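> To start, I am sharing the structure in question, which I have written as structure tokens.
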Amino acid sequence: PVAVLGTATKSDTVTSAFVGISIDKTYSLQRFYLDATETAYRHANFSYLNFDALQYRGGWDWQIGQRLSGTVSADRSQALVNYGDFRNATERNVVTTEHRRASLDGWVSGGWHVLLAGTQDVSKNSVPFVQLASYRLTGGDAGVKYLAQSGSSIELHAASSRGDYLDQPLDPL
């Protein structure tokens, strides 16, 4: 049962249908992958909660010779915010979360590697949501890795990131 403010409690039936594609292909030292799904959510009684969600995860694991390798990837998800967290039951709030990442592993000599990476995370609500604000976070890291012949390794990383809240309503207090 779902309670809507100012109305009697009544139940709802949620129907979902989806279509998707999945690709995972290796060419020589390169690997390409993509999983994408479009899902339609439909509510019998609370039609204002209907929405279509596009979700994907894709990337390219690349390698040039024996010394340089890395990954370029992105993923996205969408979901209806849980009404346990979002108090306005008359308004639909869909959160869209996206992650992007690029990394580089450069073999220097012996077991030593130089590591570099950059990331961007964005989370956006379809309506302002004080409890979990929309944000953008951009960062990077650099490090070194020692890879022993046994397969074990040790890494040292330094990371930095900067984040900003997006469309955040002012707190009157």
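By order in the structure tokens, chains are A, B, ...; within a chain, residues start at 1; ligands start at 1, following the order shown.
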Excluding Ser16 of chain A and residues on its chain fewer than 4 positions from it, collect all residues at most 8 Å away from it, counting only C-alpha atoms, and give them as a list in words.

Thr39, Ala40, Tyr41 and Arg42 of chain A

> Let's see if you can do this: from backbone DSSP, list all strand (DSSP E) residues in segment 22-163 of chain A, as a PyMOL selection string.

chain A and resi 22-27+30-43+51-64+68-80+94-109+112-125+134-147+153-163

> As a ChimeraX atom specification, please: every residue in chain A that a backbone DSSP assignment puts in helix (DSSP H, G or I).

/A:47-49,130-132

> Restricting the output to all heavy atoms, write the selected residues as a PDB file, in the first residue's frame.


ATOM      1  N   SER A  47       0.037   7.566 -11.836  1.00  0.00           N
ATOM      2  CA  SER A  47       0.683   7.725 -13.144  1.00  0.00           C
ATOM      3  C   SER A  47       1.730   8.835 -13.157  1.00  0.00           C
ATOM      4  O   SER A  47       2.619   8.831 -14.009  1.00  0.00           O
ATOM      5  CB  SER A  47      -0.363   7.967 -14.230  1.00  0.00           C
ATOM      6  OG  SER A  47      -1.084   9.150 -13.948  1.00  0.00           O
ATOM      7  N   TYR A  48       1.670   9.786 -12.215  1.00  0.00           N
ATOM      8  CA  TYR A  48       2.692  10.833 -12.171  1.00  0.00           C
ATOM      9  C   TYR A  48       4.064  10.259 -11.807  1.00  0.00           C
ATOM     10  O   TYR A  48       5.081  10.933 -11.956  1.00  0.00           O
ATOM     11  CB  TYR A  48       2.297  11.955 -11.193  1.00  0.00           C
ATOM     12  CG  TYR A  48       2.203  11.522  -9.753  1.00  0.00           C
ATOM     13  CD1 TYR A  48       3.296  11.614  -8.909  1.00  0.00           C
ATOM     14  CD2 TYR A  48       1.013  11.019  -9.242  1.00  0.00           C
ATOM     15  CE1 TYR A  48       3.213  11.209  -7.593  1.00  0.00           C
ATOM     16  CE2 TYR A  48       0.922  10.613  -7.923  1.00  0.00           C
ATOM     17  CZ  TYR A  48       2.023  10.710  -7.093  1.00  0.00           C
ATOM     18  OH  TYR A  48       1.947  10.311  -5.794  1.00  0.00           O
ATOM     19  N   LEU A  49       4.114   8.994 -11.351  1.00  0.00           N
ATOM     20  CA  LEU A  49       5.391   8.342 -11.046  1.00  0.00           C
ATOM     21  C   LEU A  49       5.977   7.596 -12.247  1.00  0.00           C
ATOM     22  O   LEU A  49       7.073   7.051 -12.155  1.00  0.00           O
ATOM     23  CB  LEU A  49       5.215   7.362  -9.878  1.00  0.00           C
ATOM     24  CG  LEU A  49       4.839   7.981  -8.536  1.00  0.00           C
ATOM     25  CD1 LEU A  49       4.614   6.890  -7.498  1.00  0.00           C
ATOM     26  CD2 LEU A  49       5.906   8.952  -8.073  1.00  0.00           C
ATOM     27  N   VAL A 130      16.731  18.567  -0.900  1.00  0.00           N
ATOM     28  CA  VAL A 130      17.657  19.016   0.137  1.00  0.00           C
ATOM     29  C   VAL A 130      18.382  17.851   0.813  1.00  0.00           C
ATOM     30  O   VAL A 130      19.562  17.926   1.132  1.00  0.00           O
ATOM     31  CB  VAL A 130      16.902  19.864   1.197  1.00  0.00           C
ATOM     32  CG1 VAL A 130      17.821  20.253   2.346  1.00  0.00           C
ATOM     33  CG2 VAL A 130      16.306  21.094   0.551  1.00  0.00           C
ATOM     34  N   GLN A 131      17.683  16.732   1.024  1.00  0.00           N
ATOM     35  CA  GLN A 131      18.263  15.609   1.748  1.00  0.00           C
ATOM     36  C   GLN A 131      19.448  14.976   1.020  1.00  0.00           C
ATOM     37  O   GLN A 131      20.337  14.424   1.654  1.00  0.00           O
ATOM     38  CB  GLN A 131      17.199  14.529   2.014  1.00  0.00           C
ATOM     39  CG  GLN A 131      16.098  14.980   2.929  1.00  0.00           C
ATOM     40  CD  GLN A 131      14.966  15.730   2.213  1.00  0.00           C
ATOM     41  OE1 GLN A 131      15.112  16.178   1.072  1.00  0.00           O
ATOM     42  NE2 GLN A 131      13.847  15.895   2.875  1.00  0.00           N
ATOM     43  N   LEU A 132      19.453  15.016  -0.296  1.00  0.00           N
ATOM     44  CA  LEU A 132      20.556  14.467  -1.089  1.00  0.00           C
ATOM     45  C   LEU A 132      20.685  15.324  -2.346  1.00  0.00           C
ATOM     46  O   LEU A 132      20.068  15.055  -3.363  1.00  0.00           O
ATOM     47  CB  LEU A 132      20.302  12.998  -1.456  1.00  0.00           C
ATOM     48  CG  LEU A 132      21.425  12.273  -2.176  1.00  0.00           C
ATOM     49  CD1 LEU A 132      22.691  12.265  -1.341  1.00  0.00           C
ATOM     50  CD2 LEU A 132      21.020  10.852  -2.498  1.00  0.00           C
TER      51      LEU A 132
END

> Quick one: residues within 9 Å of Gly20 of chain A, only C-alpha atoms, excluding same-chain residues fewer than 3 positions away - as an MDAnalysis selection string?

chainID A and resid 35:39

> For Tyr83 of chain A, which residue among A:Gly106, A:Ala159, A:Phe32, A:Phe129 is the nearest when counting only C-alpha atoms?

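Among the listed residues, A:Phe129 lies closest to Tyr83 of chain A.
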